[in-house]
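Peer 1: One structure is given below, represented as structure tokens, and several questions about it will come after.
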Amino acid sequence: MPVNEMPMDPYFALWAFIIAMVATPGPANMLLMTAGAQQGYLRTLGFIGGLLVGKLMLNIALAFGLMQLLESSPGIADVFVFASAGYMAYLALRNWTPPSAQSAQNRFSFWTGAIVHPLSPKTWMMATLALSQFGEGFSTDWERIVIVPLSFLIAQLFFHSLWCLAGAALSRALDQSLIVHRALILLTLGVIVWAVMQ
């Protein structure tokens, strides 16, 4: 069989897709950068944990049939687009004050992170594509139901941490400048608006 006709390994194809989706800038990654700049990496671990758990639960629910609900009711996606944009904008803007003046309730926490991915239309799109397009290459349903969510979990743990660490490093390098914090918030809002318009 010629090389260009050989089927691509389903694991490689899935991982290439996941890395492209999880590593690139998006509303959640921009929130992570903002959170890292404002709280530092260690104090943002709860938020990262919430993002991971929320995405894992969504992936599992989609693998077990929630995807069919989304396909049968396309209007649901529109609701998620605006709910997600509103929630992420709220998370970003509530931290407009200097980090030193913020109350504990304004911190990026596990619970604020847990709802980000389930509300995000980008997350639904990439999880649906991973399960329907790339997951079909696996020989058993078990592989699709287990491998796809776990692959996302591993990639998120790595790349979400990188985005958060980048924000923390930027804040340290610029001496926790209020201008940097607000610029990251405005950049996050810009990415949210861009995502809604897609």
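Residues are referred to by chain and number: the chain letter is A, B, ... according to the order shown in the structure tokens, the number counts from 1 in that chain, and ligands are numbered separately from 1 in the order shown.
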Per residue of segment 147-170 of chain A within 6 Å of segment 26-37 of chain A, note the shortest atom pair and the distance in Å to one decimal, counting only C-alpha atoms, and order the rows by chain and increasing residue number, as CSV.

Peer 2:
residue,atom,partner,partner_atom,distance
A:Trp163,CA,A:Met33,CA,5.2
A:Cys164,CA,A:Gly36,CA,4.4
A:Gly167,CA,A:Met33,CA,4.2
A:Ala168,CA,A:Ala37,CA,4.2

Peer 1: Residues near segment 82-97 of chain A, anyone? I mean within 6 Å using only C-alpha atoms, not counting same-chain ones fewer than 5 positions away, as number ranges by chain.

Peer 2: A: 119-120, 185, 192

Peer 1: Write the residues of the preceding selection, restricted to N, CA, C and O atoms, as a compact mmCIF listing (two decimals), in the first residue's frame.

Peer 2:
# COMPACT_ATOMS: atom_id res chain seq x y z
N LEU A 119 -19.67 25.14 30.06
CA LEU A 119 -20.39 26.23 29.41
C LEU A 119 -19.78 26.62 28.07
O LEU A 119 -20.41 27.31 27.29
N SER A 120 -18.56 26.20 27.80
CA SER A 120 -17.83 26.69 26.64
C SER A 120 -18.20 25.96 25.35
O SER A 120 -18.04 24.74 25.24
N ILE A 185 -6.72 41.21 31.37
CA ILE A 185 -8.18 41.15 31.45
C ILE A 185 -8.79 41.61 30.14
O ILE A 185 -9.70 40.95 29.59
N ILE A 192 -12.74 36.46 24.23
CA ILE A 192 -14.12 36.01 24.45
C ILE A 192 -15.03 36.55 23.35
O ILE A 192 -15.83 35.81 22.77

Peer 1: Show me, as a PyMOL selection string, the residues that have an atom within 9 Å of Leu58 of chain A when counting only C-alpha atoms, minus same-chain residues fewer than 5 positions from it.

Peer 2: chain A and resi 53+63+66+117-118+123-124+127+149

Peer 1: Would you mind listing what lies within 10 Å of Met21 of chain A as a list in words, with only C-alpha atoms counted and same-chain residues fewer than 5 positions away left out?

Peer 2: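 Returned residues: Trp15, Ala16, Gly26, Lys122, Thr123, Met126, Ala127, Phe152, Ala155 and Gln156 of chain A.
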
Peer 1: In terms of the shortest atom-to-atom distance over only C-alpha atoms, which of A:Leu157, A:Leu129, A:Leu165, A:Ile179 is closest to Arg144 of chain A?

Peer 2: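 Of all the options, A:Leu129 lies closest to Arg144 of chain A.
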
Peer 1: Run DSSP on the backbone of this structure and report the residues of chain A it assigns to alpha helix (DSSP H), as a PDB file with C-alpha atoms, in the first residue's frame.

Peer 2:
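What landed in out_9.pdb:
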ATOM      1  CA  PRO A  10      -5.968   6.861  15.474  1.00  0.00           C
ATOM      2  CA  TYR A  11      -3.999   7.712  18.615  1.00  0.00           C
ATOM      3  CA  PHE A  12      -1.642  10.023  16.742  1.00  0.00           C
ATOM      4  CA  ALA A  13      -4.522  11.740  14.940  1.00  0.00           C
ATOM      5  CA  LEU A  14      -6.445  12.192  18.198  1.00  0.00           C
ATOM      6  CA  TRP A  15      -3.424  13.611  20.034  1.00  0.00           C
ATOM      7  CA  ALA A  16      -2.524  15.980  17.202  1.00  0.00           C
ATOM      8  CA  PHE A  17      -6.087  17.305  17.306  1.00  0.00           C
ATOM      9  CA  ILE A  18      -6.181  17.599  21.111  1.00  0.00           C
ATOM     10  CA  ILE A  19      -2.846  19.418  21.297  1.00  0.00           C
ATOM     11  CA  ALA A  20      -3.951  21.862  18.595  1.00  0.00           C
ATOM     12  CA  MET A  21      -7.191  22.549  20.489  1.00  0.00           C
ATOM     13  CA  VAL A  22      -5.912  22.664  24.082  1.00  0.00           C
ATOM     14  CA  ALA A  23      -2.580  24.443  23.546  1.00  0.00           C
ATOM     15  CA  PRO A  27     -11.034  32.059  26.559  1.00  0.00           C
ATOM     16  CA  ALA A  28     -10.135  29.394  29.150  1.00  0.00           C
ATOM     17  CA  ASN A  29      -6.396  29.688  28.472  1.00  0.00           C
ATOM     18  CA  MET A  30      -6.578  33.471  28.681  1.00  0.00           C
ATOM     19  CA  LEU A  31      -8.413  33.178  32.007  1.00  0.00           C
ATOM     20  CA  LEU A  32      -5.620  30.877  33.183  1.00  0.00           C
ATOM     21  CA  MET A  33      -2.984  33.400  32.174  1.00  0.00           C
ATOM     22  CA  THR A  34      -4.908  36.148  33.976  1.00  0.00           C
ATOM     23  CA  ALA A  35      -5.347  33.946  37.049  1.00  0.00           C
ATOM     24  CA  GLY A  36      -1.642  33.064  37.070  1.00  0.00           C
ATOM     25  CA  ALA A  37      -0.692  36.734  36.818  1.00  0.00           C
ATOM     26  CA  GLN A  38      -3.008  37.708  39.663  1.00  0.00           C
ATOM     27  CA  GLN A  39      -2.684  34.777  42.046  1.00  0.00           C
ATOM     28  CA  LEU A  45      -4.110  25.068  41.258  1.00  0.00           C
ATOM     29  CA  GLY A  46      -7.697  24.836  42.527  1.00  0.00           C
ATOM     30  CA  PHE A  47      -8.953  26.704  39.448  1.00  0.00           C
ATOM     31  CA  ILE A  48      -6.926  24.392  37.190  1.00  0.00           C
ATOM     32  CA  GLY A  49      -8.381  21.396  39.048  1.00  0.00           C
ATOM     33  CA  GLY A  50     -11.883  22.734  38.483  1.00  0.00           C
ATOM     34  CA  LEU A  51     -11.215  23.172  34.767  1.00  0.00           C
ATOM     35  CA  LEU A  52      -9.917  19.600  34.539  1.00  0.00           C
ATOM     36  CA  VAL A  53     -12.843  18.074  36.423  1.00  0.00           C
ATOM     37  CA  GLY A  54     -15.455  20.084  34.522  1.00  0.00           C
ATOM     38  CA  LYS A  55     -13.998  19.077  31.156  1.00  0.00           C
ATOM     39  CA  LEU A  56     -13.593  15.437  32.183  1.00  0.00           C
ATOM     40  CA  MET A  57     -17.237  15.221  33.318  1.00  0.00           C
ATOM     41  CA  LEU A  58     -18.405  16.828  30.069  1.00  0.00           C
ATOM     42  CA  ASN A  59     -16.306  14.441  27.960  1.00  0.00           C
ATOM     43  CA  ILE A  60     -17.686  11.431  29.812  1.00  0.00           C
ATOM     44  CA  ALA A  61     -21.279  12.695  29.503  1.00  0.00           C
ATOM     45  CA  MET A  67     -23.756  14.301  22.185  1.00  0.00           C
ATOM     46  CA  GLN A  68     -27.041  13.054  20.664  1.00  0.00           C
ATOM     47  CA  LEU A  69     -28.972  15.680  22.663  1.00  0.00           C
ATOM     48  CA  LEU A  70     -26.765  18.424  21.274  1.00  0.00           C
ATOM     49  CA  GLU A  71     -27.230  17.126  17.719  1.00  0.00           C
ATOM     50  CA  SER A  72     -31.015  16.937  18.087  1.00  0.00           C
ATOM     51  CA  GLY A  75     -30.364  25.822  19.697  1.00  0.00           C
ATOM     52  CA  ILE A  76     -28.700  24.582  22.881  1.00  0.00           C
ATOM     53  CA  ALA A  77     -25.327  25.562  21.430  1.00  0.00           C
ATOM     54  CA  ASP A  78     -26.443  29.191  21.118  1.00  0.00           C
ATOM     55  CA  VAL A  79     -27.429  29.242  24.782  1.00  0.00           C
ATOM     56  CA  PHE A  80     -23.987  27.906  25.741  1.00  0.00           C
ATOM     57  CA  VAL A  81     -22.222  30.503  23.588  1.00  0.00           C
ATOM     58  CA  PHE A  82     -23.788  33.454  25.384  1.00  0.00           C
ATOM     59  CA  ALA A  83     -23.807  31.863  28.858  1.00  0.00           C
ATOM     60  CA  SER A  84     -20.138  30.979  28.475  1.00  0.00           C
ATOM     61  CA  ALA A  85     -19.166  34.436  27.196  1.00  0.00           C
ATOM     62  CA  GLY A  86     -21.046  36.124  30.035  1.00  0.00           C
ATOM     63  CA  TYR A  87     -19.558  33.888  32.717  1.00  0.00           C
ATOM     64  CA  MET A  88     -15.973  34.179  31.476  1.00  0.00           C
ATOM     65  CA  ALA A  89     -16.294  37.949  31.097  1.00  0.00           C
ATOM     66  CA  TYR A  90     -17.626  38.083  34.667  1.00  0.00           C
ATOM     67  CA  LEU A  91     -14.657  36.037  35.951  1.00  0.00           C
ATOM     68  CA  ALA A  92     -12.198  38.318  34.190  1.00  0.00           C
ATOM     69  CA  LEU A  93     -13.822  41.625  35.124  1.00  0.00           C
ATOM     70  CA  PHE A 110     -12.055  25.148  41.975  1.00  0.00           C
ATOM     71  CA  TRP A 111     -15.773  25.931  41.691  1.00  0.00           C
ATOM     72  CA  THR A 112     -15.313  28.904  39.375  1.00  0.00           C
ATOM     73  CA  GLY A 113     -13.157  26.689  37.144  1.00  0.00           C
ATOM     74  CA  ALA A 114     -15.462  23.660  37.200  1.00  0.00           C
ATOM     75  CA  VAL A 116     -15.978  27.099  32.561  1.00  0.00           C
ATOM     76  CA  HIS A 117     -15.594  24.128  30.197  1.00  0.00           C
ATOM     77  CA  PRO A 118     -19.162  22.778  30.475  1.00  0.00           C
ATOM     78  CA  LEU A 119     -20.393  26.233  29.405  1.00  0.00           C
ATOM     79  CA  PRO A 121     -19.006  26.053  23.060  1.00  0.00           C
ATOM     80  CA  LYS A 122     -15.362  25.532  21.986  1.00  0.00           C
ATOM     81  CA  THR A 123     -15.107  22.725  24.541  1.00  0.00           C
ATOM     82  CA  TRP A 124     -18.313  21.102  23.295  1.00  0.00           C
ATOM     83  CA  MET A 125     -17.116  21.373  19.698  1.00  0.00           C
ATOM     84  CA  MET A 126     -13.690  19.876  20.312  1.00  0.00           C
ATOM     85  CA  ALA A 127     -15.026  17.090  22.544  1.00  0.00           C
ATOM     86  CA  THR A 128     -17.746  16.226  20.015  1.00  0.00           C
ATOM     87  CA  LEU A 129     -15.250  16.176  17.144  1.00  0.00           C
ATOM     88  CA  ASP A 141     -16.331   1.673  22.229  1.00  0.00           C
ATOM     89  CA  TRP A 142     -14.385   1.182  25.451  1.00  0.00           C
ATOM     90  CA  GLU A 143     -11.309   2.777  23.872  1.00  0.00           C
ATOM     91  CA  ARG A 144     -13.326   5.744  22.655  1.00  0.00           C
ATOM     92  CA  ILE A 145     -15.052   6.276  26.016  1.00  0.00           C
ATOM     93  CA  VAL A 146     -11.828   5.995  28.032  1.00  0.00           C
ATOM     94  CA  ILE A 147      -9.016   7.175  25.745  1.00  0.00           C
ATOM     95  CA  VAL A 148     -10.603  10.418  24.493  1.00  0.00           C
ATOM     96  CA  PRO A 149     -11.458  11.889  27.947  1.00  0.00           C
ATOM     97  CA  LEU A 150      -8.136  10.777  29.469  1.00  0.00           C
ATOM     98  CA  SER A 151      -6.181  12.215  26.535  1.00  0.00           C
ATOM     99  CA  PHE A 152      -7.890  15.581  27.019  1.00  0.00           C
ATOM    100  CA  LEU A 153      -7.205  15.411  30.761  1.00  0.00           C
ATOM    101  CA  ILE A 154      -3.464  14.835  30.281  1.00  0.00           C
ATOM    102  CA  ALA A 155      -3.133  17.557  27.623  1.00  0.00           C
ATOM    103  CA  GLN A 156      -5.108  20.033  29.746  1.00  0.00           C
ATOM    104  CA  LEU A 157      -3.038  19.377  32.846  1.00  0.00           C
ATOM    105  CA  PHE A 158       0.117  20.187  30.896  1.00  0.00           C
ATOM    106  CA  PHE A 159      -1.049  23.119  28.754  1.00  0.00           C
ATOM    107  CA  HIS A 160      -3.322  24.749  31.346  1.00  0.00           C
ATOM    108  CA  SER A 161      -0.371  24.732  33.737  1.00  0.00           C
ATOM    109  CA  LEU A 162       1.837  26.322  31.054  1.00  0.00           C
ATOM    110  CA  TRP A 163      -0.649  29.150  30.438  1.00  0.00           C
ATOM    111  CA  CYS A 164      -0.959  29.780  34.156  1.00  0.00           C
ATOM    112  CA  LEU A 165       2.817  29.705  34.657  1.00  0.00           C
ATOM    113  CA  ALA A 166       3.242  32.114  31.725  1.00  0.00           C
ATOM    114  CA  GLY A 167       0.879  34.568  33.409  1.00  0.00           C
ATOM    115  CA  ALA A 168       2.687  34.228  36.730  1.00  0.00           C
ATOM    116  CA  ALA A 169       6.088  34.719  35.058  1.00  0.00           C
ATOM    117  CA  LEU A 170       4.859  37.775  33.154  1.00  0.00           C
ATOM    118  CA  SER A 171       3.513  39.323  36.337  1.00  0.00           C
ATOM    119  CA  ARG A 172       6.778  38.686  38.206  1.00  0.00           C
ATOM    120  CA  ALA A 173       8.887  40.022  35.342  1.00  0.00           C
ATOM    121  CA  LEU A 178      -1.572  46.833  37.527  1.00  0.00           C
ATOM    122  CA  ILE A 179      -1.287  47.736  33.835  1.00  0.00           C
ATOM    123  CA  VAL A 180      -0.272  44.149  33.020  1.00  0.00           C
ATOM    124  CA  HIS A 181      -3.157  42.733  35.048  1.00  0.00           C
ATOM    125  CA  ARG A 182      -5.677  44.973  33.330  1.00  0.00           C
ATOM    126  CA  ALA A 183      -4.130  44.387  29.901  1.00  0.00           C
ATOM    127  CA  LEU A 184      -4.556  40.611  30.434  1.00  0.00           C
ATOM    128  CA  ILE A 185      -8.177  41.147  31.452  1.00  0.00           C
ATOM    129  CA  LEU A 186      -8.825  43.225  28.328  1.00  0.00           C
ATOM    130  CA  LEU A 187      -7.037  40.639  26.178  1.00  0.00           C
ATOM    131  CA  THR A 188      -9.198  37.912  27.744  1.00  0.00           C
ATOM    132  CA  LEU A 189     -12.337  39.926  26.975  1.00  0.00           C
ATOM    133  CA  GLY A 190     -11.140  40.394  23.398  1.00  0.00           C
ATOM    134  CA  VAL A 191     -10.651  36.635  22.973  1.00  0.00           C
ATOM    135  CA  ILE A 192     -14.121  36.011  24.448  1.00  0.00           C
ATOM    136  CA  VAL A 193     -15.733  38.451  22.002  1.00  0.00           C
ATOM    137  CA  TRP A 194     -13.772  36.914  19.116  1.00  0.00           C
ATOM    138  CA  ALA A 195     -14.907  33.392  20.144  1.00  0.00           C
ATOM    139  CA  VAL A 196     -18.572  34.476  20.302  1.00  0.00           C
ATOM    140  CA  MET A 197     -18.359  35.959  16.813  1.00  0.00           C
TER     141      MET A 197
END
